[in-house]
$ cat query.txt   # compact mmCIF, C-alpha atoms
# COMPACT_ATOMS: atom_id res chain seq x y z
CA ASP N 1 74.44 125.93 81.10
CA ALA N 2 74.79 127.69 84.43
CA LYS N 3 71.97 125.73 86.14
CA THR N 4 71.45 128.60 88.60
CA THR N 5 69.82 132.04 88.49
CA GLN N 6 70.70 134.87 90.85
CA PRO N 7 69.87 138.57 91.02
CA PRO N 8 72.77 140.59 89.61
CA SER N 9 73.10 142.86 92.63
CA MET N 10 71.89 143.44 96.18
CA ASP N 11 72.83 145.69 99.02
CA CYS N 12 72.63 145.43 102.77
CA ALA N 13 73.31 147.63 105.80
CA GLU N 14 76.25 146.71 107.97
CA GLY N 15 75.18 144.58 110.93
CA ARG N 16 72.01 143.40 109.27
CA ALA N 17 71.36 139.97 107.79
CA ALA N 18 72.06 139.58 104.09
CA ASN N 19 69.76 137.06 102.36
CA LEU N 20 70.95 136.05 98.90
CA PRO N 21 68.49 134.01 96.82
CA CYS N 22 69.23 131.44 94.14
CA ASN N 23 67.01 129.46 91.79
CA HIS N 24 68.13 126.03 90.58
CA SER N 25 64.89 124.57 89.25
CA THR N 26 66.58 121.89 87.11
CA ILE N 27 68.72 120.45 89.88
CA SER N 28 68.94 116.66 90.06
CA GLY N 29 68.55 114.58 93.18
CA ASN N 30 72.24 113.95 93.75
CA GLU N 31 73.56 117.41 92.85
CA TYR N 32 74.84 119.61 95.64
CA VAL N 33 74.34 123.34 95.98
CA TYR N 34 77.53 125.26 96.73
CA TRP N 35 78.10 128.90 97.53
CA TYR N 36 81.35 130.72 96.86
CA ARG N 37 82.26 134.36 97.03
CA GLN N 38 84.88 136.38 95.22
CA ILE N 39 86.34 139.53 96.63
CA HIS N 40 87.80 141.85 94.03
CA SER N 41 91.08 140.64 92.53
CA GLN N 42 91.06 137.35 94.44
CA GLY N 43 90.11 133.80 93.58
CA PRO N 44 86.69 132.49 94.67
CA GLN N 45 86.42 131.34 98.27
CA TYR N 46 84.25 128.50 99.50
CA ILE N 47 81.43 129.42 101.91
CA ILE N 48 79.08 126.49 102.40
CA HIS N 49 77.33 123.64 100.62
CA GLY N 50 74.31 121.37 101.08
CA LEU N 51 72.19 118.70 99.47
CA LYS N 52 68.72 118.95 101.00
CA ASN N 53 69.08 119.82 104.67
CA ASN N 54 69.74 123.31 105.94
CA GLU N 55 73.38 123.89 106.82
CA THR N 56 75.21 126.33 109.07
CA ASN N 57 78.88 127.07 109.61
CA GLU N 58 80.91 129.92 111.05
CA MET N 59 80.46 132.00 107.92
CA ALA N 60 76.84 131.55 106.88
CA SER N 61 73.64 129.53 106.81
CA LEU N 62 72.18 127.78 103.80
CA ILE N 63 68.45 127.25 103.53
CA ILE N 64 67.30 124.85 100.80
CA THR N 65 63.61 124.56 99.95
CA GLU N 66 61.95 121.19 100.32
CA ASP N 67 61.61 120.76 96.54
CA ARG N 68 65.30 121.78 96.19
CA LYS N 69 64.48 124.23 93.42
CA SER N 70 65.82 127.23 95.29
CA SER N 71 68.05 128.17 98.17
CA THR N 72 69.04 131.20 100.24
CA LEU N 73 72.43 132.07 101.63
CA ILE N 74 72.21 134.01 104.87
CA LEU N 75 75.04 136.12 106.25
CA PRO N 76 73.64 136.82 109.73
CA HIS N 77 75.54 140.01 110.52
CA ALA N 78 76.99 141.48 107.36
CA THR N 79 80.21 143.51 107.58
CA LEU N 80 81.92 145.75 105.05
CA ARG N 81 84.35 142.91 104.33
CA ASP N 82 81.46 140.81 103.06
CA THR N 83 81.18 143.03 100.00
CA ALA N 84 81.86 140.59 97.14
CA VAL N 85 80.33 138.67 94.27
CA TYR N 86 78.46 135.63 95.59
CA TYR N 87 78.10 132.59 93.36
CA CYS N 88 75.46 129.93 93.77
CA ILE N 89 76.69 126.77 92.10
CA VAL N 90 75.39 123.31 91.35
CA ARG N 91 78.01 120.63 91.67
CA VAL N 92 77.80 117.67 89.30
CA ASP N 93 79.63 114.45 90.05
CA ARG N 94 80.25 111.77 87.49
CA GLY N 95 80.77 108.41 89.02
CA SER N 96 82.91 108.61 92.11
CA THR N 97 85.63 111.00 91.10
CA LEU N 98 84.56 114.29 89.69
CA GLY N 99 83.19 117.48 91.19
CA ARG N 100 82.46 119.83 88.38
CA LEU N 101 81.15 123.24 89.46
CA TYR N 102 78.74 125.13 87.24
CA PHE N 103 79.17 128.85 87.97
CA GLY N 104 76.48 131.39 87.13
CA ARG N 105 77.07 135.12 86.95
CA GLY N 106 76.69 135.68 90.65
CA THR N 107 75.23 138.44 92.82
CA GLN N 108 77.25 141.53 93.65
CA LEU N 109 76.55 142.16 97.34
CA THR N 110 77.42 145.62 98.59
CA VAL N 111 77.41 146.18 102.35
CA TRP N 112 77.12 149.82 103.27
CA PRO N 113 77.96 151.49 106.61
CA ASP E 114 97.37 126.25 105.15
CA VAL E 115 96.12 124.80 101.89
CA LYS E 116 97.27 126.48 98.77
CA VAL E 117 96.77 126.67 95.04
CA THR E 118 99.51 128.69 93.43
CA GLN E 119 99.44 130.18 89.97
CA SER E 120 102.81 131.09 88.56
CA SER E 121 102.00 134.66 87.54
CA ARG E 122 99.49 137.32 88.64
CA TYR E 123 99.90 139.39 85.50
CA LEU E 124 101.12 138.40 82.05
CA VAL E 125 101.38 140.24 78.75
CA LYS E 126 101.95 138.24 75.58
CA ARG E 127 101.92 138.94 71.87
CA THR E 128 99.45 137.53 69.37
CA GLY E 129 100.65 134.18 68.05
CA GLU E 130 102.87 133.36 71.02
CA LYS E 131 102.62 130.03 72.78
CA VAL E 132 101.64 130.72 76.39
CA PHE E 133 101.95 128.46 79.41
CA LEU E 134 99.97 129.09 82.58
CA GLU E 135 101.10 126.97 85.49
CA CYS E 136 99.16 125.88 88.54
CA VAL E 137 100.44 123.92 91.53
CA GLN E 138 98.47 122.61 94.51
CA ASP E 139 99.86 121.18 97.73
CA MET E 140 96.75 119.35 98.96
CA ASP E 141 97.22 116.08 97.06
CA HIS E 142 93.92 116.69 95.28
CA GLU E 143 92.92 114.47 92.39
CA ASN E 144 90.75 117.05 90.58
CA MET E 145 92.12 120.19 88.99
CA PHE E 146 90.33 122.80 86.88
CA TRP E 147 91.04 125.78 84.65
CA TYR E 148 88.46 128.55 84.33
CA ARG E 149 88.45 131.89 82.60
CA GLN E 150 86.53 134.83 83.96
CA ASP E 151 85.25 137.70 81.86
CA PRO E 152 83.04 140.64 82.85
CA GLY E 153 79.37 139.75 82.65
CA LEU E 154 80.07 136.10 81.86
CA GLY E 155 81.10 134.70 85.22
CA LEU E 156 83.49 131.74 85.38
CA ARG E 157 83.58 129.39 82.43
CA LEU E 158 85.27 126.01 82.55
CA ILE E 159 88.01 125.43 79.98
CA TYR E 160 89.44 122.04 80.93
CA PHE E 161 89.57 119.79 83.93
CA SER E 162 91.52 116.77 85.06
CA TYR E 163 90.59 114.09 87.56
CA ASP E 164 93.89 112.23 87.56
CA VAL E 165 97.43 112.37 86.27
CA LYS E 166 97.49 112.32 82.46
CA MET E 167 93.69 112.47 82.37
CA LYS E 168 91.85 115.47 80.97
CA GLU E 169 88.39 116.43 79.85
CA LYS E 170 87.08 119.37 77.91
CA GLY E 171 84.99 121.92 79.68
CA ASP E 172 82.62 124.38 78.05
CA ILE E 173 85.12 126.48 76.09
CA PRO E 174 88.19 124.35 75.21
CA GLU E 175 88.81 125.81 71.75
CA GLY E 176 92.24 127.40 71.46
CA TYR E 177 93.52 125.75 74.64
CA SER E 178 95.19 122.54 75.69
CA VAL E 179 96.30 121.20 79.06
CA SER E 180 98.94 118.99 80.58
CA ARG E 181 98.89 117.01 83.82
CA GLU E 182 102.12 115.03 84.12
CA LYS E 183 102.22 115.18 87.92
CA LYS E 184 99.38 115.16 90.40
CA GLU E 185 100.21 118.54 91.88
CA ARG E 186 100.64 120.45 88.62
CA PHE E 187 98.11 121.37 85.94
CA SER E 188 99.21 123.52 83.03
CA LEU E 189 97.05 125.47 80.62
CA ILE E 190 98.53 126.06 77.17
CA LEU E 191 97.48 128.64 74.64
CA GLU E 192 98.93 127.23 71.44
CA SER E 193 98.77 130.52 69.54
CA ALA E 194 97.55 133.38 71.70
CA SER E 195 94.88 135.66 70.31
CA THR E 196 93.45 138.93 71.60
CA ASN E 197 90.13 137.26 72.46
CA GLN E 198 91.99 135.17 75.00
CA THR E 199 92.71 138.25 77.08
CA SER E 200 91.07 137.33 80.37
CA MET E 201 91.46 136.38 84.01
CA TYR E 202 92.43 132.71 84.32
CA LEU E 203 91.67 130.82 87.51
CA CYS E 204 92.97 127.42 88.56
CA ALA E 205 91.23 125.28 91.17
CA SER E 206 91.66 121.89 92.81
CA SER E 207 89.39 119.61 94.81
CA PRO E 208 89.32 116.12 96.26
CA PRO E 209 87.16 113.45 94.59
CA GLY E 210 83.42 113.99 94.47
CA ILE E 211 81.70 111.40 96.57
CA LEU E 212 84.45 109.85 98.62
CA ARG E 213 84.78 112.68 101.11
CA ILE E 214 82.27 114.75 103.04
CA ASN E 215 83.76 118.18 102.50
CA THR E 216 84.62 118.47 98.87
CA GLU E 217 85.10 122.16 98.42
CA ALA E 218 87.28 123.45 95.63
CA PHE E 219 90.21 125.74 96.36
CA PHE E 220 91.11 128.48 93.93
CA GLY E 221 94.33 130.24 93.09
CA GLN E 222 94.61 134.01 92.97
CA GLY E 223 94.25 134.13 89.23
CA THR E 224 96.43 135.19 86.30
CA ARG E 225 95.38 138.26 84.37
CA LEU E 226 96.55 137.62 80.81
CA THR E 227 96.65 140.38 78.23
CA VAL E 228 97.31 139.45 74.61
CA VAL E 229 98.40 142.37 72.46
$ encode --input "query.txt" --output "structure tokens"
Amino acid sequence: DAKTTQPPSMDCAEGRAANLPCNHSTISGNEYVYWYRQIHSQGPQYIIHGLKNNETNEMASLIITEDRKSSTLILPHATLRDTAVYYCIVRVDRGSTLGRLYFGRGTQLTVWP
Amino acid sequence: DVKVTQSSRYLVKRTGEKVFLECVQDMDHENMFWYRQDPGLGLRLIYFSYDVKMKEKGDIPEGYSVSREKKERFSLILESASTNQTSMYLCASSPPGILRINTEAFFGQGTRLTVV
């Protein structure tokens, strides 16, 4: 049960904003949304996470809808090095100790010159 | 610089062999995870551990076992390797879920295992 749905692929011109959508319609009130990316032949890398407020860091912005059923990851100025598979993940915590990540199949983002 | 280290990048084993995949983290994290990644299937959780000597099954534990004798080390064991266990194996660690604000998971580089 992946808990998230993403388009299998997207592309974006270098320098433009890349907007990656994700549906998580069955998310529960205390489950976080995480985004990771995986560049070919490397392990996944953390990008950003949020619960219900929009979040921004040096890598990206995360916009979560008010009903929390979907979110969008925004890379404001995509570069060729942003070409990767992007995973939208729901994190489930049991009690106070565990952070299990449910990975979907991800979106292959290709940034072209 | 935080680090999750997997003992091998590439491994080739024969059918029926007992295979050990080792993972070590230097961040004093309580949680550790083993995933396998296959084309078109994304990452699937095999086993995870939230403390020394504690383990829980993930989504696809059949054919695997794990060992966590020390906090920094989490081993994945293929008791009798089969060709359908040819895959990329990824180890990850993270701090506890609710107790800290930033609870991202850190991944190793992966071990590409081929069973022939």
$ residues_around --input "query.txt" --residues "Val85 in chain N" --least-positions-apart "3" --cutoff "12 Å" --atoms "only C-alpha atoms" --output "PDB file with C-alpha atoms, keeping the file's coordinate frame"
ATOM      1  CA  GLN N   6      70.700 134.870  90.850  1.00  0.00           C
ATOM      2  CA  PRO N   7      69.870 138.570  91.020  1.00  0.00           C
ATOM      3  CA  PRO N   8      72.770 140.590  89.610  1.00  0.00           C
ATOM      4  CA  SER N   9      73.100 142.860  92.630  1.00  0.00           C
ATOM      5  CA  MET N  10      71.890 143.440  96.180  1.00  0.00           C
ATOM      6  CA  ASP N  11      72.830 145.690  99.020  1.00  0.00           C
ATOM      7  CA  LEU N  20      70.950 136.050  98.900  1.00  0.00           C
ATOM      8  CA  TRP N  35      78.100 128.900  97.530  1.00  0.00           C
ATOM      9  CA  TYR N  36      81.350 130.720  96.860  1.00  0.00           C
ATOM     10  CA  ARG N  37      82.260 134.360  97.030  1.00  0.00           C
ATOM     11  CA  GLN N  38      84.880 136.380  95.220  1.00  0.00           C
ATOM     12  CA  ILE N  39      86.340 139.530  96.630  1.00  0.00           C
ATOM     13  CA  HIS N  40      87.800 141.850  94.030  1.00  0.00           C
ATOM     14  CA  SER N  41      91.080 140.640  92.530  1.00  0.00           C
ATOM     15  CA  GLN N  42      91.060 137.350  94.440  1.00  0.00           C
ATOM     16  CA  GLY N  43      90.110 133.800  93.580  1.00  0.00           C
ATOM     17  CA  PRO N  44      86.690 132.490  94.670  1.00  0.00           C
ATOM     18  CA  GLN N  45      86.420 131.340  98.270  1.00  0.00           C
ATOM     19  CA  ARG N  81      84.350 142.910 104.330  1.00  0.00           C
ATOM     20  CA  ASP N  82      81.460 140.810 103.060  1.00  0.00           C
ATOM     21  CA  CYS N  88      75.460 129.930  93.770  1.00  0.00           C
ATOM     22  CA  PHE N 103      79.170 128.850  87.970  1.00  0.00           C
ATOM     23  CA  GLY N 104      76.480 131.390  87.130  1.00  0.00           C
ATOM     24  CA  ARG N 105      77.070 135.120  86.950  1.00  0.00           C
ATOM     25  CA  GLY N 106      76.690 135.680  90.650  1.00  0.00           C
ATOM     26  CA  THR N 107      75.230 138.440  92.820  1.00  0.00           C
ATOM     27  CA  GLN N 108      77.250 141.530  93.650  1.00  0.00           C
ATOM     28  CA  LEU N 109      76.550 142.160  97.340  1.00  0.00           C
ATOM     29  CA  THR N 110      77.420 145.620  98.590  1.00  0.00           C
ATOM     30  CA  VAL N 111      77.410 146.180 102.350  1.00  0.00           C
TER      31      VAL N 111
ATOM     32  CA  PRO E 152      83.040 140.640  82.850  1.00  0.00           C
ATOM     33  CA  GLY E 153      79.370 139.750  82.650  1.00  0.00           C
ATOM     34  CA  GLY E 155      81.100 134.700  85.220  1.00  0.00           C
ATOM     35  CA  LEU E 156      83.490 131.740  85.380  1.00  0.00           C
TER      36      LEU E 156
END
$ axis_aligned_box --input "query.txt" --around "range 153-156 of chain E" --padding-each-side "3 Å" --output "JSON"
{"center_x": 81.4, "center_y": 135.7, "center_z": 83.6, "size_x": 10.1, "size_y": 14.0, "size_z": 9.5}
$ interface_residues --input "query.txt" --of "chain E" --to "chain N" --cutoff "9 Å" --atoms "only C-alpha atoms" --output "ChimeraX atom specification"
/E:143-144,146,153-158,161-163,172,203-205,207-212,215-223
$ atom_distance --input "query.txt" --atom1 "CA of Asn23 in chain N" --atom2 "CA of Pro76 in chain N"
20.5 Å
$ atom_distance --input "query.txt" --atom1 "CA of Asn53 in chain N" --atom2 "CA of Arg68 in chain N"
9.5 Å
$ residues_around --input "query.txt" --residues "Gly15 in chain N" --least-positions-apart "4" --cutoff "10 Å" --atoms "all atoms listed in the file" --output "list in words"
Leu75, Pro76, His77, Ala78, Thr79, Leu80, Val111, Trp112 and Pro113 of chain N
$ closest_residue --input "query.txt" --among "E:Asp151, E:Val137, E:Thr227, E:Lys131" --to "Ser188 in chain E" --atoms "all atoms listed in the file"
E:Val137
$ atom_distance --input "query.txt" --atom1 "CA of Lys126 in chain E" --atom2 "CA of Gln198 in chain E"
10.4 Å
